[in-house]
Amino acid sequence: MRKEIAFNDDWVFHLGDIKNETPKCKGPVYAQSKTERKKSGPASVLFCDKPDPYSVAGQMNDGWVDVTLPHDYIIAQDNDKNGNSALGYFRYDNAWYRKHFELPGEYEGKRITLRFEGVATACVVYLNGCLIKRNFSAYNSFEADITSYVRFDGDNVLAVYVSTDEFEGWWYQGGGIYRDVYLTVTEPVAIDLYGVYAPAKKVGDGLWRIDFETEVLNTSYEAAAVEVSSTVTDADGNEAAHAAGRAEIAPRSGAKVRYSAEVSSPKLWSIESPNLYMVKTVLVSGGGEIDEYYTRIGFRTVEITKDGLFLNGKRTVIKGVCAHQDFGLTGLAVSENIAKYKMSLIKDMGANAYRAVHYEQTKYYLDACDELGLIVMDETRWFEDTPEATAQLDSLVKRDRNRPSVVFWSTGNEEPYHITANGRLIHKAMAHRIRELDSTRFITAAVSESPDKSTVYGDCDVIGINYNLDIFDDVHNAYPDKMIFSSENCATGTTRGWYYPSDTSGRIKDADTDTTKWFLARERTWKFLMSKPYVLGGFQWAAVEHRGEAAWPAVCSKSGAIDLFCQKKGGYYLNKSFWSESPMVHIVPHWNFAGMEDEPVDVAVYTNCGEVELFIDEESLGKKTVSEFSYVSWQVPYKPGTLIAKGYRDGEVAAEDVRITSGAPKRLRLKKLNEVKPNGRDIALFLCECEDEYGITVPDAQEFVEFSVSAPARIIGTGSDNCDHNSVANTARKMYMGKILIAVKPEKGQNEFQLFARSENCGKRVLKVSL
């Protein structure tokens, strides 16, 4: 039976290339021109990779350290102004990873594979000195069959060379084995990776049919008669359906086994109720069960007509956001609980859709979309139909084609070829390949280069346009039978907590304004999209600030509704006022403007209530009507005190928000933000703020705070200011606008720890944490 073993522990790492001299004689060259290509150097079996070695046989090699995966070795640097702005002002270097492992004799005769979920950027994998796999992209998962190269009589040495010499995008690239690695052991006859396809189709009133397609590999040298059965269960483990099929598979070959099952009245997956089901697929051959594979699915219908997008028959406007996969404190190495925390912030903002730009993202983001109820536009990195690019496309589609959240496949983003004859051929080939793998979803492309001249829309099910609001009508007139969405919009930059005029020090006023003729305010953009009956909605750039695409002194793009360290900006609440139903009111800015007494301050109120009244120290400044997809504002002469905004529905107060002028910082406050399990993989996030002598939060505090944590837990990152160039690995940080984010990684099995914070003005604070 299948064994899938996490292979993230007990690696060693070396930053930088390791020089391995070319031999001068024939013998070493001859010996290394065989199956075992590396007899010397860091890919070889006998190479010394011990961290801090005191005494070893043979050559001593310095610079190796112990690491646990996932691992991004770029992120812990200080930012360097001389670095590339698009790539985040970092110095990119190559590196080596090695891992020693032994396999029990019981695995002999089995099929053994390694699966790398993601390595940035290009890599070469060696096992016992033998070349196993080359991979050319940071974003696709890939598998290597190592059956013929493993040893059962001793040590196995896995070596991975990582190259960051070539970049794949205009954003932070990271470096390293930054996603999970698995060792999988099966019988020679087994279900292939991502081999179970279970598309569900509604065929009657409450009746659904799943047409299973299970790919079975036979790596043995004899034909195999197999039976494949799949059982569908709901969240409580109740069986909803069962079906089976049979096939004869030739030696050293594979086959797709097809069979169908009917499901009666399943609970539907929707934005409000994202019900999920599990498919357990069992492979039987030679009289016994030899493999099993689990696949999560959901039941939903999606239709697109001239009247809009209908999810389970309900008209649904795409209230979407785009986001890259990195996290401000750990780079590309994002744990499952961090990914789900970020996605929960997006859902809480009122978004119902997520565009996974511009590549196959870490699976945990897609898992969260399934679980939270977010429609996904999945996108491949390379707009190419070469064998390499097609393999990457296959990886994306096969991995995600069972997800109920995934509704759109995108063949590419902002490609100059989108308006050429070559581009038409490339897109057509990619669309054809996608439909071979999954014919149940809509194909699109995110076009920015003169969309009115696009050559790819003829083979798109839905038209995607980045920005270019002024030519939407022209594109619609050219394709009147196809619906359009804004695949990317806004990209208007702001700085969290900065309520002064934009300056040359990297700060942009946290207000809803146009940046350029493309990068338009959220209000203006959303009003436009909602005014066009042929528009399905849009994906706003961006949900979260991401590293790269920066202008010094900032180290990240500033167009997120959430900042680099997961703190909400004004745009977050403006989006929420447009996209959510539950009554809400939010005041921008804070009310700490010492030195500006009697100066007028712009006060904006974001709300989904029909009327808003603003008070200062209980004095009403008037009630204003809020038009649809808009907000209201006042100019208020500053004086210390209390601002209150009250939102009214049907004449009654439905929501309110308060801003109180605080005193000087007197105490630190620590708060745990996310759910954490003591599994050795989860990362705990904490927020450090300041309060005055009355317990009022100080929104503009600038304390320098030192942090520590009780062992064996470790602080792995701190962050506050996206213009701070000090390494995120530092355990001391100057606070920007009253907030510092701290990331702590507890040891496996560590159920309790203490987080300590100290500053000169505010003293010490201890938070006891139980997991």
# chains A, B, ... in the order shown; residues from 1 in each chain; ligands from 1
call {"tool": "select_by_dssp", "arguments": {"residues": "region 515-728 of chain A", "states": "strand (DSSP E or B)", "output": "ChimeraX atom specification"}}
result
/A:535-541,544,547,556,562,568,585-588,600-607,611-616,619-625,632-637,642-649,652-660,667-672,684-691,697,704-709,714-719
call {"tool": "atom_distance", "arguments": {"atom1": "CA of Tyr638 (chain A)", "atom2": "CA of Asn592 (chain A)"}}
result
8.9 Å
call {"tool": "atom_distance", "arguments": {"atom1": "CA of Tyr499 (chain A)", "atom2": "CA of Pro589 (chain A)"}}
result
6.4 Å
call {"tool": "atom_distance", "arguments": {"atom1": "CA of Thr184 (chain A)", "atom2": "CA of Ser137 (chain A)"}}
result
22.1 Å
call {"tool": "residues_around", "arguments": {"residues": "Ser230 (chain A)", "least_positions_apart": "2", "cutoff": "8 Å", "atoms": "only C-alpha atoms", "output": "list in words"}}
result
Val228, Val232, His242, Ala243, Ala244, Val279, Lys280, Thr281 and Val282 of chain A
call {"tool": "residues_around", "arguments": {"residues": "Lys568 (chain A)", "least_positions_apart": "5", "cutoff": "9 Å", "atoms": "only C-alpha atoms", "output": "JSON, numbers by chain"}}
result
{"A": [345, 496, 561, 562, 563, 573]}
call {"tool": "write_last_selection", "arguments": {"atoms": "C-alpha atoms", "output": "CSV table (one decimal), in the first residue's frame"}}
result
chain,number,residue,atom,x,y,z
A,345,LEU,CA,-8.1,38.0,5.6
A,496,ARG,CA,-0.5,51.9,5.7
A,561,ALA,CA,-5.2,46.3,0.4
A,562,ILE,CA,-3.2,44.5,3.1
A,563,ASP,CA,0.4,45.5,3.7
A,573,TYR,CA,-12.1,48.6,4.4
call {"tool": "closest_atom_pairs", "arguments": {"of": "region 30-138 of chain A", "to": "region 680-687 of chain A", "cutoff": "12 Å", "atoms": "only C-alpha atoms", "output": "tab-separated table"}}
result
residue	atom	partner	partner_atom	distance
A:Thr68	CA	A:Arg681	CA	9.5
A:Leu69	CA	A:Arg681	CA	9.1
A:Pro70	CA	A:Arg681	CA	9.0
A:His71	CA	A:Arg681	CA	11.7
call {"tool": "residues_around", "arguments": {"residues": "Asn422 (chain A)", "least_positions_apart": "2", "cutoff": "12 Å", "atoms": "only C-alpha atoms", "output": "ChimeraX atom specification"}}
result
/A:383-385,415-420,424-429,454-456
call {"tool": "residues_around", "arguments": {"residues": "region 245-260 of chain A", "least_positions_apart": "2", "cutoff": "9 Å", "atoms": "only C-alpha atoms", "output": "list in words"}}
result
Asp192, Gly195, Arg209, Ile210, Asp211, Phe212, Glu213, Thr214, Glu215, Val216, Leu217, Asn218, Thr219, Ser220, Tyr221, Glu222, Ala223, Ala224, Ala225, Val226, Glu227, Val228, Ser229, His242, Ala243 and Glu262 of chain A
call {"tool": "select_by_dssp", "arguments": {"residues": "region 317-446 of chain A", "states": "helix (DSSP H, G or I)", "output": "number ranges by chain"}}
result
A: 336-348, 363-372, 387-400, 416-419, 421-437
call {"tool": "closest_residue", "arguments": {"among": "A:Glu628, A:Tyr126, A:Ile304, A:Ala333", "to": "Tyr73 (chain A)", "atoms": "only C-alpha atoms"}}
result
A:Ala333
call {"tool": "residues_around", "arguments": {"residues": "Asp236 (chain A)", "least_positions_apart": "6", "cutoff": "12 Å", "atoms": "only C-alpha atoms", "output": "list in words"}}
result
Lys267, Asn275, Leu276, Tyr277 and Met278 of chain A
call {"tool": "write_last_selection", "arguments": {"atoms": "N, CA and C atoms", "output": "mmCIF file, in the first residue's frame"}}
result
data_model
loop_
_atom_site.group_PDB
_atom_site.id
_atom_site.type_symbol
_atom_site.label_atom_id
_atom_site.label_comp_id
_atom_site.auth_asym_id
_atom_site.auth_seq_id
_atom_site.Cartn_x
_atom_site.Cartn_y
_atom_site.Cartn_z
ATOM 1 N N LYS A 267 -24.609 18.041 -0.904
ATOM 2 C CA LYS A 267 -24.509 19.422 -0.434
ATOM 3 C C LYS A 267 -23.587 20.174 -1.395
ATOM 4 N N ASN A 275 -19.126 23.327 0.797
ATOM 5 C CA ASN A 275 -19.156 21.915 1.183
ATOM 6 C C ASN A 275 -18.193 21.104 0.311
ATOM 7 N N LEU A 276 -17.446 20.232 0.952
ATOM 8 C CA LEU A 276 -16.456 19.420 0.254
ATOM 9 C C LEU A 276 -16.696 17.939 0.512
ATOM 10 N N TYR A 277 -16.292 17.130 -0.461
ATOM 11 C CA TYR A 277 -16.399 15.674 -0.368
ATOM 12 C C TYR A 277 -15.015 15.063 -0.617
ATOM 13 N N MET A 278 -14.831 13.854 -0.132
ATOM 14 C CA MET A 278 -13.577 13.143 -0.329
ATOM 15 C C MET A 278 -13.811 11.896 -1.181
#
